[in-house]
>>> print(open('data.pdb').read())   # PDB, C-alpha atoms and all ligand atoms
ATOM      1  CA  MET G 116      15.050  11.480   3.712  1.00  0.00           C
ATOM      2  CA  LEU G 117      14.822   9.772   0.335  1.00  0.00           C
ATOM      3  CA  ASN G 118      16.232  11.617  -2.678  1.00  0.00           C
ATOM      4  CA  LEU G 119      15.602   9.727  -5.850  1.00  0.00           C
ATOM      5  CA  VAL G 120      16.779  10.344  -9.417  1.00  0.00           C
ATOM      6  CA  LEU G 121      14.475   8.728 -11.944  1.00  0.00           C
ATOM      7  CA  PHE G 122      16.470   8.198 -15.100  1.00  0.00           C
ATOM      8  CA  GLY G 123      15.777   7.009 -18.616  1.00  0.00           C
ATOM      9  CA  PRO G 124      15.229   8.201 -22.178  1.00  0.00           C
ATOM     10  CA  PRO G 125      12.168  10.209 -23.239  1.00  0.00           C
ATOM     11  CA  GLY G 126       9.133   7.928 -23.167  1.00  0.00           C
ATOM     12  CA  ALA G 127      10.631   5.425 -20.706  1.00  0.00           C
ATOM     13  CA  GLY G 128       7.781   5.966 -18.241  1.00  0.00           C
ATOM     14  CA  LYS G 129       9.377   8.359 -15.751  1.00  0.00           C
ATOM     15  CA  GLY G 130       6.269  10.544 -15.475  1.00  0.00           C
ATOM     16  CA  THR G 131       3.943   7.591 -14.877  1.00  0.00           C
ATOM     17  CA  GLN G 132       6.165   5.974 -12.261  1.00  0.00           C
ATOM     18  CA  SER G 133       6.830   9.348 -10.585  1.00  0.00           C
ATOM     19  CA  GLU G 134       3.133   9.737  -9.811  1.00  0.00           C
ATOM     20  CA  TYR G 135       3.036   6.412  -7.933  1.00  0.00           C
ATOM     21  CA  LEU G 136       6.355   7.027  -6.158  1.00  0.00           C
ATOM     22  CA  ILE G 137       5.342  10.491  -4.968  1.00  0.00           C
ATOM     23  CA  LYS G 138       2.264   9.045  -3.274  1.00  0.00           C
ATOM     24  CA  LYS G 139       3.957   6.039  -1.740  1.00  0.00           C
ATOM     25  CA  TYR G 140       7.044   7.836  -0.380  1.00  0.00           C
ATOM     26  CA  ASN G 141       5.532  11.315   0.093  1.00  0.00           C
ATOM     27  CA  LEU G 142       8.043  13.012  -2.197  1.00  0.00           C
ATOM     28  CA  VAL G 143       8.221  16.456  -3.771  1.00  0.00           C
ATOM     29  CA  HIS G 144       8.342  16.108  -7.566  1.00  0.00           C
ATOM     30  CA  LEU G 145      10.968  18.185  -9.392  1.00  0.00           C
ATOM     31  CA  SER G 146      10.712  17.775 -13.174  1.00  0.00           C
ATOM     32  CA  THR G 147      12.834  20.171 -15.213  1.00  0.00           C
ATOM     33  CA  GLY G 148      10.677  19.430 -18.288  1.00  0.00           C
ATOM     34  CA  ASP G 149       7.545  20.516 -16.370  1.00  0.00           C
ATOM     35  CA  LEU G 150       9.320  23.555 -14.917  1.00  0.00           C
ATOM     36  CA  LEU G 151      10.454  24.610 -18.408  1.00  0.00           C
ATOM     37  CA  ARG G 152       6.970  24.096 -19.861  1.00  0.00           C
ATOM     38  CA  SER G 153       5.461  26.279 -17.135  1.00  0.00           C
ATOM     39  CA  GLN G 154       7.990  29.004 -18.013  1.00  0.00           C
ATOM     40  CA  ILE G 155       6.889  28.700 -21.653  1.00  0.00           C
ATOM     41  CA  ALA G 156       3.208  28.887 -20.661  1.00  0.00           C
ATOM     42  CA  ALA G 157       3.916  31.983 -18.559  1.00  0.00           C
ATOM     43  CA  GLY G 158       5.697  33.575 -21.538  1.00  0.00           C
ATOM     44  CA  THR G 159       8.863  34.424 -19.589  1.00  0.00           C
ATOM     45  CA  GLU G 160      12.102  35.249 -21.371  1.00  0.00           C
ATOM     46  CA  LEU G 161      13.673  32.057 -20.040  1.00  0.00           C
ATOM     47  CA  GLY G 162      10.676  30.141 -21.415  1.00  0.00           C
ATOM     48  CA  LEU G 163      10.982  31.742 -24.835  1.00  0.00           C
ATOM     49  CA  ARG G 164      14.667  30.872 -25.071  1.00  0.00           C
ATOM     50  CA  ALA G 165      14.140  27.329 -23.790  1.00  0.00           C
ATOM     51  CA  LYS G 166      11.278  26.719 -26.226  1.00  0.00           C
ATOM     52  CA  GLN G 167      13.526  27.317 -29.234  1.00  0.00           C
ATOM     53  CA  LEU G 168      15.823  24.505 -28.068  1.00  0.00           C
ATOM     54  CA  MET G 169      13.098  22.166 -26.811  1.00  0.00           C
ATOM     55  CA  ASP G 170      11.267  22.430 -30.149  1.00  0.00           C
ATOM     56  CA  GLN G 171      14.427  21.105 -31.802  1.00  0.00           C
ATOM     57  CA  GLY G 172      14.902  18.297 -29.265  1.00  0.00           C
ATOM     58  CA  ILE G 173      18.107  19.894 -27.944  1.00  0.00           C
ATOM     59  CA  LEU G 174      18.973  20.196 -24.237  1.00  0.00           C
ATOM     60  CA  VAL G 175      18.718  23.655 -22.683  1.00  0.00           C
ATOM     61  CA  PRO G 176      21.955  25.017 -21.115  1.00  0.00           C
ATOM     62  CA  ASP G 177      23.052  23.472 -17.811  1.00  0.00           C
ATOM     63  CA  GLU G 178      23.042  26.775 -15.915  1.00  0.00           C
ATOM     64  CA  VAL G 179      19.370  27.342 -16.770  1.00  0.00           C
ATOM     65  CA  VAL G 180      18.117  24.042 -15.346  1.00  0.00           C
ATOM     66  CA  ILE G 181      20.557  24.097 -12.405  1.00  0.00           C
ATOM     67  CA  GLY G 182      19.244  27.576 -11.493  1.00  0.00           C
ATOM     68  CA  MET G 183      15.645  26.332 -11.608  1.00  0.00           C
ATOM     69  CA  ILE G 184      16.416  23.325  -9.381  1.00  0.00           C
ATOM     70  CA  GLU G 185      18.374  25.507  -6.966  1.00  0.00           C
ATOM     71  CA  SER G 186      15.442  27.844  -6.445  1.00  0.00           C
ATOM     72  CA  LYS G 187      12.990  24.943  -6.041  1.00  0.00           C
ATOM     73  CA  LEU G 188      15.202  23.302  -3.397  1.00  0.00           C
ATOM     74  CA  HIS G 189      15.470  26.644  -1.669  1.00  0.00           C
ATOM     75  CA  GLU G 190      11.691  27.191  -1.783  1.00  0.00           C
ATOM     76  CA  ASN G 191      11.180  23.898  -0.020  1.00  0.00           C
ATOM     77  CA  GLN G 192      13.530  24.984   2.760  1.00  0.00           C
ATOM     78  CA  THR G 193      12.197  28.473   3.491  1.00  0.00           C
ATOM     79  CA  PRO G 194      10.513  29.039   6.880  1.00  0.00           C
ATOM     80  CA  ALA G 195       7.142  29.682   5.195  1.00  0.00           C
ATOM     81  CA  THR G 196       7.036  26.145   3.864  1.00  0.00           C
ATOM     82  CA  GLN G 197       9.010  24.480   6.622  1.00  0.00           C
ATOM     83  CA  SER G 198       5.968  22.757   8.070  1.00  0.00           C
ATOM     84  CA  ASP G 199       5.181  21.346   4.613  1.00  0.00           C
ATOM     85  CA  ALA G 200       8.812  20.459   4.015  1.00  0.00           C
ATOM     86  CA  SER G 201       9.040  18.596   7.281  1.00  0.00           C
ATOM     87  CA  LEU G 202       6.129  16.446   6.095  1.00  0.00           C
ATOM     88  CA  THR G 203       7.838  15.449   2.867  1.00  0.00           C
ATOM     89  CA  GLY G 204       9.943  12.340   2.623  1.00  0.00           C
ATOM     90  CA  GLY G 205      12.368  13.905   0.141  1.00  0.00           C
ATOM     91  CA  PHE G 206      12.633  14.733  -3.547  1.00  0.00           C
ATOM     92  CA  ILE G 207      12.162  12.884  -6.789  1.00  0.00           C
ATOM     93  CA  PHE G 208      14.231  14.318  -9.629  1.00  0.00           C
ATOM     94  CA  ASP G 209      12.622  13.590 -12.991  1.00  0.00           C
ATOM     95  CA  GLY G 210      14.449  14.572 -16.198  1.00  0.00           C
ATOM     96  CA  PHE G 211      17.341  15.985 -14.144  1.00  0.00           C
ATOM     97  CA  PRO G 212      20.343  15.647 -14.025  1.00  0.00           C
ATOM     98  CA  ARG G 213      20.664  15.150 -17.781  1.00  0.00           C
ATOM     99  CA  THR G 214      24.390  15.870 -18.088  1.00  0.00           C
ATOM    100  CA  VAL G 215      27.392  15.093 -15.875  1.00  0.00           C
ATOM    101  CA  PRO G 216      27.880  18.806 -14.953  1.00  0.00           C
ATOM    102  CA  GLN G 217      24.221  18.865 -13.825  1.00  0.00           C
ATOM    103  CA  ALA G 218      24.861  15.785 -11.654  1.00  0.00           C
ATOM    104  CA  VAL G 219      27.932  17.415 -10.082  1.00  0.00           C
ATOM    105  CA  ALA G 220      25.921  20.591  -9.398  1.00  0.00           C
ATOM    106  CA  LEU G 221      23.087  18.581  -7.835  1.00  0.00           C
ATOM    107  CA  ASP G 222      25.488  16.847  -5.431  1.00  0.00           C
ATOM    108  CA  GLN G 223      26.835  20.251  -4.397  1.00  0.00           C
ATOM    109  CA  LEU G 224      23.364  21.739  -3.941  1.00  0.00           C
ATOM    110  CA  LEU G 225      22.128  18.816  -1.855  1.00  0.00           C
ATOM    111  CA  GLY G 226      25.328  19.015   0.195  1.00  0.00           C
ATOM    112  CA  THR G 227      24.509  22.593   1.174  1.00  0.00           C
ATOM    113  CA  HIS G 228      21.126  21.303   2.384  1.00  0.00           C
ATOM    114  CA  ASN G 229      22.862  18.522   4.358  1.00  0.00           C
ATOM    115  CA  THR G 230      21.381  15.762   2.265  1.00  0.00           C
ATOM    116  CA  LYS G 231      22.340  13.590  -0.711  1.00  0.00           C
ATOM    117  CA  ILE G 232      21.061  11.342  -3.499  1.00  0.00           C
ATOM    118  CA  THR G 233      19.925   7.957  -2.194  1.00  0.00           C
ATOM    119  CA  ILE G 234      19.717   6.143  -5.532  1.00  0.00           C
ATOM    120  CA  MET G 235      19.321   6.612  -9.262  1.00  0.00           C
ATOM    121  CA  ILE G 236      16.813   4.269 -10.870  1.00  0.00           C
ATOM    122  CA  ALA G 237      17.141   3.878 -14.644  1.00  0.00           C
ATOM    123  CA  LEU G 238      14.219   2.656 -16.744  1.00  0.00           C
ATOM    124  CA  VAL G 239      15.554   0.738 -19.745  1.00  0.00           C
ATOM    125  CA  VAL G 240      13.492   0.792 -22.970  1.00  0.00           C
ATOM    126  CA  ASP G 241      14.731   0.240 -26.551  1.00  0.00           C
ATOM    127  CA  SER G 242      14.499   3.067 -29.093  1.00  0.00           C
ATOM    128  CA  GLU G 243      11.828   1.427 -31.294  1.00  0.00           C
ATOM    129  CA  GLU G 244       9.467   1.133 -28.332  1.00  0.00           C
ATOM    130  CA  LEU G 245      10.309   4.705 -27.240  1.00  0.00           C
ATOM    131  CA  THR G 246       9.414   6.108 -30.649  1.00  0.00           C
ATOM    132  CA  ARG G 247       6.145   4.151 -30.660  1.00  0.00           C
ATOM    133  CA  ARG G 248       5.174   5.395 -27.171  1.00  0.00           C
ATOM    134  CA  LEU G 249       6.092   9.035 -27.836  1.00  0.00           C
ATOM    135  CA  LEU G 250       4.176   9.210 -31.118  1.00  0.00           C
ATOM    136  CA  LEU G 251       1.169   7.754 -29.287  1.00  0.00           C
ATOM    137  CA  ARG G 252       1.551  10.299 -26.454  1.00  0.00           C
ATOM    138  CA  GLY G 253       1.834  13.063 -29.074  1.00  0.00           C
ATOM    139  CA  GLN G 254      -1.715  12.307 -30.252  1.00  0.00           C
ATOM    140  CA  THR G 255      -3.112  13.478 -26.902  1.00  0.00           C
ATOM    141  CA  SER G 256      -0.399  15.377 -24.971  1.00  0.00           C
ATOM    142  CA  GLY G 257      -0.307  18.409 -27.245  1.00  0.00           C
ATOM    143  CA  ARG G 258       3.487  18.422 -26.804  1.00  0.00           C
ATOM    144  CA  PRO G 259       5.017  19.513 -30.120  1.00  0.00           C
ATOM    145  CA  ASP G 260       8.196  17.517 -29.385  1.00  0.00           C
ATOM    146  CA  ASP G 261       6.148  14.279 -29.321  1.00  0.00           C
ATOM    147  CA  GLN G 262       4.553  14.694 -32.729  1.00  0.00           C
ATOM    148  CA  ASN G 263       7.422  14.299 -35.139  1.00  0.00           C
ATOM    149  CA  GLU G 264       9.428  11.119 -35.571  1.00  0.00           C
ATOM    150  CA  GLU G 265      12.634  12.892 -36.584  1.00  0.00           C
ATOM    151  CA  LEU G 266      12.443  15.105 -33.497  1.00  0.00           C
ATOM    152  CA  ILE G 267      11.885  12.085 -31.267  1.00  0.00           C
ATOM    153  CA  ARG G 268      14.980  10.402 -32.745  1.00  0.00           C
ATOM    154  CA  ARG G 269      16.964  13.613 -32.099  1.00  0.00           C
ATOM    155  CA  ARG G 270      15.884  13.568 -28.432  1.00  0.00           C
ATOM    156  CA  VAL G 271      16.862   9.927 -28.060  1.00  0.00           C
ATOM    157  CA  LYS G 272      20.237  10.767 -29.658  1.00  0.00           C
ATOM    158  CA  GLU G 273      20.729  13.704 -27.240  1.00  0.00           C
ATOM    159  CA  TYR G 274      19.981  11.244 -24.465  1.00  0.00           C
ATOM    160  CA  ASN G 275      22.497   8.684 -25.725  1.00  0.00           C
ATOM    161  CA  ASP G 276      25.222  11.307 -26.309  1.00  0.00           C
ATOM    162  CA  LYS G 277      24.860  13.582 -23.280  1.00  0.00           C
ATOM    163  CA  THR G 278      22.645  11.920 -20.697  1.00  0.00           C
ATOM    164  CA  ALA G 279      23.637   8.243 -20.733  1.00  0.00           C
ATOM    165  CA  PRO G 280      27.078   9.070 -19.137  1.00  0.00           C
ATOM    166  CA  VAL G 281      25.218  10.317 -16.034  1.00  0.00           C
ATOM    167  CA  ALA G 282      24.491   6.641 -15.240  1.00  0.00           C
ATOM    168  CA  ASP G 283      28.243   5.984 -14.893  1.00  0.00           C
ATOM    169  CA  TYR G 284      28.538   8.952 -12.548  1.00  0.00           C
ATOM    170  CA  TYR G 285      26.067   7.387 -10.088  1.00  0.00           C
ATOM    171  CA  SER G 286      27.315   3.886 -10.735  1.00  0.00           C
ATOM    172  CA  GLN G 287      30.788   4.962  -9.571  1.00  0.00           C
ATOM    173  CA  GLN G 288      29.171   6.106  -6.322  1.00  0.00           C
ATOM    174  CA  GLY G 289      27.447   2.720  -5.960  1.00  0.00           C
ATOM    175  CA  LYS G 290      24.042   4.371  -6.380  1.00  0.00           C
ATOM    176  CA  PHE G 291      22.729   2.969  -9.644  1.00  0.00           C
ATOM    177  CA  ALA G 292      19.998   0.419 -10.424  1.00  0.00           C
ATOM    178  CA  ALA G 293      18.663  -0.422 -13.903  1.00  0.00           C
ATOM    179  CA  ILE G 294      15.137  -1.749 -14.330  1.00  0.00           C
ATOM    180  CA  ASP G 295      13.395  -3.145 -17.411  1.00  0.00           C
ATOM    181  CA  GLY G 296      10.896  -0.450 -18.439  1.00  0.00           C
ATOM    182  CA  ILE G 297       8.884  -2.766 -20.696  1.00  0.00           C
ATOM    183  CA  GLY G 298       6.029  -4.643 -19.053  1.00  0.00           C
ATOM    184  CA  GLU G 299       3.129  -3.996 -16.695  1.00  0.00           C
ATOM    185  CA  ILE G 300       3.211  -0.574 -14.991  1.00  0.00           C
ATOM    186  CA  ASP G 301       2.503  -2.193 -11.634  1.00  0.00           C
ATOM    187  CA  THR G 302       5.261  -4.813 -12.000  1.00  0.00           C
ATOM    188  CA  ILE G 303       7.778  -2.090 -12.882  1.00  0.00           C
ATOM    189  CA  PHE G 304       6.593  -0.001  -9.919  1.00  0.00           C
ATOM    190  CA  LYS G 305       7.097  -2.914  -7.505  1.00  0.00           C
ATOM    191  CA  GLU G 306      10.614  -3.491  -8.839  1.00  0.00           C
ATOM    192  CA  ILE G 307      11.463   0.214  -8.389  1.00  0.00           C
ATOM    193  CA  CYS G 308      10.139   0.121  -4.800  1.00  0.00           C
ATOM    194  CA  HIS G 309      12.215  -2.963  -4.091  1.00  0.00           C
ATOM    195  CA  GLN G 310      15.393  -1.183  -5.267  1.00  0.00           C
ATOM    196  CA  ILE G 311      14.537   1.950  -3.256  1.00  0.00           C
ATOM    197  CA  ASP G 312      13.828   0.007  -0.065  1.00  0.00           C
ATOM    198  CA  GLU G 313      17.132  -1.841  -0.403  1.00  0.00           C
ATOM    199  CA  ALA G 314      19.040   1.420  -0.965  1.00  0.00           C
ATOM    200  CA  VAL G 315      17.397   3.068   2.055  1.00  0.00           C
ATOM    201  CA  GLU G 316      18.414   0.149   4.286  1.00  0.00           C
ATOM    202  CA  ARG G 317      22.039   0.267   3.088  1.00  0.00           C
TER     203      ARG G 317
HETATM  204  P1  LIG G 401      11.172  13.868 -22.178  1.00  0.00           P
HETATM  205  O1  LIG G 401      11.860  13.097 -21.092  1.00  0.00           O
HETATM  206  O2  LIG G 401       9.902  13.264 -22.631  1.00  0.00           O
HETATM  207  O3  LIG G 401      12.060  14.273 -23.316  1.00  0.00           O
HETATM  208  P2  LIG G 401      11.054  16.312 -20.562  1.00  0.00           P
HETATM  209  O4  LIG G 401       9.745  16.895 -20.269  1.00  0.00           O
HETATM  210  O5  LIG G 401      11.867  15.787 -19.440  1.00  0.00           O
HETATM  211  O6  LIG G 401      10.691  15.210 -21.616  1.00  0.00           O
HETATM  212  O7  LIG G 401      11.970  17.365 -21.374  1.00  0.00           O
HETATM  213  C1  LIG G 401      11.533  18.032 -22.529  1.00  0.00           C
HETATM  214  C2  LIG G 401      12.670  18.905 -23.076  1.00  0.00           C
HETATM  215  O8  LIG G 401      13.042  19.889 -22.096  1.00  0.00           O
HETATM  216  C3  LIG G 401      13.979  18.175 -23.400  1.00  0.00           C
HETATM  217  O9  LIG G 401      13.980  17.630 -24.694  1.00  0.00           O
HETATM  218  C4  LIG G 401      15.007  19.316 -23.230  1.00  0.00           C
HETATM  219  O10 LIG G 401      15.033  20.150 -24.363  1.00  0.00           O
HETATM  220  C5  LIG G 401      14.448  20.124 -22.079  1.00  0.00           C
HETATM  221  N1  LIG G 401      14.994  19.691 -20.763  1.00  0.00           N
HETATM  222  C6  LIG G 401      14.277  19.099 -19.746  1.00  0.00           C
HETATM  223  N2  LIG G 401      15.073  18.832 -18.697  1.00  0.00           N
HETATM  224  C7  LIG G 401      16.329  19.232 -19.043  1.00  0.00           C
HETATM  225  C8  LIG G 401      17.604  19.206 -18.404  1.00  0.00           C
HETATM  226  N3  LIG G 401      17.768  18.701 -17.168  1.00  0.00           N
HETATM  227  N4  LIG G 401      18.677  19.717 -19.074  1.00  0.00           N
HETATM  228  C9  LIG G 401      18.552  20.230 -20.285  1.00  0.00           C
HETATM  229  N5  LIG G 401      17.385  20.277 -20.968  1.00  0.00           N
HETATM  230  C10 LIG G 401      16.275  19.795 -20.364  1.00  0.00           C
END
>>> encode(input="data.pdb", output="structure tokens")
Amino acid sequence: MLNLVLFGPPGAGKGTQSEYLIKKYNLVHLSTGDLLRSQIAAGTELGLRAKQLMDQGILVPDEVVIGMIESKLHENQTPATQSDASLTGGFIFDGFPRTVPQAVALDQLLGTHNTKITIMIALVVDSEELTRRLLLRGQTSGRPDDQNEELIRRRVKEYNDKTAPVADYYSQQGKFAAIDGIGEIDTIFKEICHQIDEAVER
């Protein structure tokens, strides 16, 4: 089983690379950003509360996202979906964990399912390029958090302050690989696959 954390600031290309990785390695995609946006679309109370923070570029509380991931992991283990689950090669975590307490909680959760993180792959992109990409995405994505330069800078700052330390957490476990996120999508994908294949063999 391959459990992959795809890591990097907003706009680094996690969503794009996730799509290719899911197909190649037959993974279940768990994106906390997508899960939160579907709560917002459904108009749930959790969604309403999360939206207020997301619209300001601030992280939602750890217990909220940990709870969402916990129930998704559980869903993929229930007898009703066991035949599907047995066909999957593992999970790809996209946009999670975003804080060290989230990373600790994920290790615990995976432990209860008798599995663990194989590797964290970080996509490295400088903040000027991130801002450029996110403003471009904002023209078509409809995401309010992609349409305002100040908000984008706030998200990148949240990332640098709270999320960047998560890399050290995995690095200390010998499970960290950084990849240049600027260049051809296909070249970056091949480099990610190379790192994954090496980690699986270890
Ligand atoms: P991006 O990586 O482009 O910022 P995401 O879709 O991953 O986009 O996240 C959008 C917003 O959702 C974040 O700015 C944050 O407010 C919230 N969010 C997503 N995942 C998490 C998480 N793991 N912990 C806390 N907040 C999160």
>>> residues_near_ligand(input="data.pdb", ligand="ligand LIG 401 (chain G)", cutoff="10 Å", atoms="only C-alpha atoms and all ligand atoms", output="VMD selection string")
chain G and resid 122 to 130 146 to 152 165 to 181 183 to 184 208 to 214 217 to 218 245 249 252 258 260 to 261 266 to 267 269 to 271 273 to 274 277 to 278
>>> resolve_selection(input="data.pdb", expression="the PyMOL selection byres (((chain G and resi 186-188) around 9) and not hetatm)", output="ChimeraX atom specification")
/G:145,181-185,189-192,206,224-225,228
>>> residues_around(input="data.pdb", residues="region 301-308 of chain G", least_positions_apart="5", cutoff="9 Å", atoms="all atoms listed in the file", output="PyMOL selection string")
chain G and resi 132+135-136+236+238+292+294-296+313
>>> closest_residue(input="data.pdb", among="G:Ser286, G:Thr131, G:Leu142, G:Asp222", to="Glu299 (chain G)", atoms="only C-alpha atoms")
G:Thr131
>>> atom_distance(input="data.pdb", atom1="CA of Val215 (chain G)", atom2="CA of Thr246 (chain G)")
24.9 Å
>>> atom_distance(input="data.pdb", atom1="CA of Lys231 (chain G)", atom2="CA of Leu119 (chain G)")
9.3 Å
>>> closest_residue(input="data.pdb", among="G:Thr227, G:Gln310, G:Asn141, G:Ser242", to="Lys290 (chain G)", atoms="all atoms listed in the file")
G:Gln310
>>> atom_distance(input="data.pdb", atom1="CA of Ala293 (chain G)", atom2="CA of Lys272 (chain G)")
19.4 Å
>>> closest_residue(input="data.pdb", among="G:Leu121, G:Ile300, G:Val143, G:Met235", to="Tyr285 (chain G)", atoms="all atoms listed in the file")
G:Met235
>>> closest_residue(input="data.pdb", among="G:Gly204, G:Ala156, G:Ile137, G:Arg164", to="Thr230 (chain G)", atoms="only C-alpha atoms")
G:Gly204
>>> axis_aligned_box(input="data.pdb", around="region 215-220 of chain G", padding_each_side="6 Å", output="lines of an AutoDock Vina configuration file")
center_x = 26.1
center_y = 17.8
center_z = -12.6
size_x = 15.7
size_y = 17.5
size_z = 18.5
>>> closest_residue(input="data.pdb", among="G:Leu221, G:Ile297, G:Leu251, G:Ala237", to="Asp283 (chain G)", atoms="all atoms listed in the file")
G:Ala237
>>> decode(input="data.pdb", residues="region 185-193 of chain G", atoms="all heavy atoms", output="PDB file, in the first residue's frame")
ATOM      1  N   GLU G 185     -10.542  11.428   9.244  1.00  0.00           N
ATOM      2  CA  GLU G 185     -10.846  10.212   9.996  1.00  0.00           C
ATOM      3  C   GLU G 185     -12.058   9.511   9.389  1.00  0.00           C
ATOM      4  O   GLU G 185     -12.042   8.300   9.148  1.00  0.00           O
ATOM      5  CB  GLU G 185     -11.115  10.573  11.466  1.00  0.00           C
ATOM      6  CG  GLU G 185     -11.320   9.379  12.354  1.00  0.00           C
ATOM      7  CD  GLU G 185     -11.392   9.762  13.827  1.00  0.00           C
ATOM      8  OE1 GLU G 185     -11.546  10.968  14.145  1.00  0.00           O
ATOM      9  OE2 GLU G 185     -11.300   8.847  14.653  1.00  0.00           O
ATOM     10  N   SER G 186     -13.124  10.298   9.103  1.00  0.00           N
ATOM     11  CA  SER G 186     -14.310   9.623   8.586  1.00  0.00           C
ATOM     12  C   SER G 186     -14.083   9.120   7.162  1.00  0.00           C
ATOM     13  O   SER G 186     -14.609   8.077   6.787  1.00  0.00           O
ATOM     14  CB  SER G 186     -15.570  10.486   8.720  1.00  0.00           C
ATOM     15  OG  SER G 186     -15.401  11.669   8.033  1.00  0.00           O
ATOM     16  N   LYS G 187     -13.279   9.806   6.379  1.00  0.00           N
ATOM     17  CA  LYS G 187     -12.985   9.319   5.017  1.00  0.00           C
ATOM     18  C   LYS G 187     -12.166   8.022   5.058  1.00  0.00           C
ATOM     19  O   LYS G 187     -12.416   7.106   4.283  1.00  0.00           O
ATOM     20  CB  LYS G 187     -12.212  10.378   4.213  1.00  0.00           C
ATOM     21  CG  LYS G 187     -13.086  11.477   3.690  1.00  0.00           C
ATOM     22  CD  LYS G 187     -13.911  10.979   2.509  1.00  0.00           C
ATOM     23  CE  LYS G 187     -15.125  11.841   2.298  1.00  0.00           C
ATOM     24  NZ  LYS G 187     -16.100  11.265   1.359  1.00  0.00           N
ATOM     25  N   LEU G 188     -11.197   7.954   5.967  1.00  0.00           N
ATOM     26  CA  LEU G 188     -10.397   6.723   6.085  1.00  0.00           C
ATOM     27  C   LEU G 188     -11.292   5.579   6.512  1.00  0.00           C
ATOM     28  O   LEU G 188     -11.214   4.471   5.996  1.00  0.00           O
ATOM     29  CB  LEU G 188      -9.272   6.903   7.120  1.00  0.00           C
ATOM     30  CG  LEU G 188      -8.081   7.769   6.704  1.00  0.00           C
ATOM     31  CD1 LEU G 188      -7.113   7.924   7.868  1.00  0.00           C
ATOM     32  CD2 LEU G 188      -7.356   7.148   5.511  1.00  0.00           C
ATOM     33  N   HIS G 189     -12.210   5.896   7.425  1.00  0.00           N
ATOM     34  CA  HIS G 189     -13.124   4.888   7.935  1.00  0.00           C
ATOM     35  C   HIS G 189     -14.051   4.391   6.817  1.00  0.00           C
ATOM     36  O   HIS G 189     -14.244   3.195   6.655  1.00  0.00           O
ATOM     37  CB  HIS G 189     -13.923   5.489   9.095  1.00  0.00           C
ATOM     38  CG  HIS G 189     -14.743   4.478   9.816  1.00  0.00           C
ATOM     39  ND1 HIS G 189     -14.173   3.524  10.620  1.00  0.00           N
ATOM     40  CD2 HIS G 189     -16.073   4.242   9.818  1.00  0.00           C
ATOM     41  CE1 HIS G 189     -15.130   2.751  11.107  1.00  0.00           C
ATOM     42  NE2 HIS G 189     -16.288   3.161  10.626  1.00  0.00           N
ATOM     43  N   GLU G 190     -14.576   5.346   6.037  1.00  0.00           N
ATOM     44  CA  GLU G 190     -15.466   4.993   4.918  1.00  0.00           C
ATOM     45  C   GLU G 190     -14.806   4.003   3.973  1.00  0.00           C
ATOM     46  O   GLU G 190     -15.450   3.117   3.443  1.00  0.00           O
ATOM     47  CB  GLU G 190     -15.735   6.249   4.069  1.00  0.00           C
ATOM     48  CG  GLU G 190     -17.081   6.862   4.228  1.00  0.00           C
ATOM     49  CD  GLU G 190     -17.152   8.171   3.438  1.00  0.00           C
ATOM     50  OE1 GLU G 190     -16.758   8.193   2.264  1.00  0.00           O
ATOM     51  OE2 GLU G 190     -17.587   9.165   4.040  1.00  0.00           O
ATOM     52  N   ASN G 191     -13.515   4.204   3.758  1.00  0.00           N
ATOM     53  CA  ASN G 191     -12.808   3.338   2.819  1.00  0.00           C
ATOM     54  C   ASN G 191     -12.452   1.980   3.414  1.00  0.00           C
ATOM     55  O   ASN G 191     -11.861   1.154   2.748  1.00  0.00           O
ATOM     56  CB  ASN G 191     -11.548   4.043   2.297  1.00  0.00           C
ATOM     57  CG  ASN G 191     -11.903   4.999   1.185  1.00  0.00           C
ATOM     58  OD1 ASN G 191     -12.056   4.596   0.033  1.00  0.00           O
ATOM     59  ND2 ASN G 191     -12.103   6.258   1.529  1.00  0.00           N
ATOM     60  N   GLN G 192     -12.814   1.790   4.680  1.00  0.00           N
ATOM     61  CA  GLN G 192     -12.518   0.520   5.349  1.00  0.00           C
ATOM     62  C   GLN G 192     -13.774  -0.265   5.676  1.00  0.00           C
ATOM     63  O   GLN G 192     -13.695  -1.381   6.131  1.00  0.00           O
ATOM     64  CB  GLN G 192     -11.803   0.791   6.688  1.00  0.00           C
ATOM     65  CG  GLN G 192     -10.444   1.433   6.542  1.00  0.00           C
ATOM     66  CD  GLN G 192      -9.372   0.403   6.297  1.00  0.00           C
ATOM     67  OE1 GLN G 192      -9.374  -0.637   6.933  1.00  0.00           O
ATOM     68  NE2 GLN G 192      -8.467   0.673   5.382  1.00  0.00           N
ATOM     69  N   THR G 193     -14.951   0.356   5.490  1.00  0.00           N
ATOM     70  CA  THR G 193     -16.189  -0.321   5.895  1.00  0.00           C
ATOM     71  C   THR G 193     -16.473  -1.494   4.962  1.00  0.00           C
ATOM     72  O   THR G 193     -16.073  -1.475   3.794  1.00  0.00           O
ATOM     73  CB  THR G 193     -17.388   0.642   5.867  1.00  0.00           C
ATOM     74  OG1 THR G 193     -17.433   1.247   4.571  1.00  0.00           O
ATOM     75  CG2 THR G 193     -17.285   1.699   6.922  1.00  0.00           C
TER      76      THR G 193
END
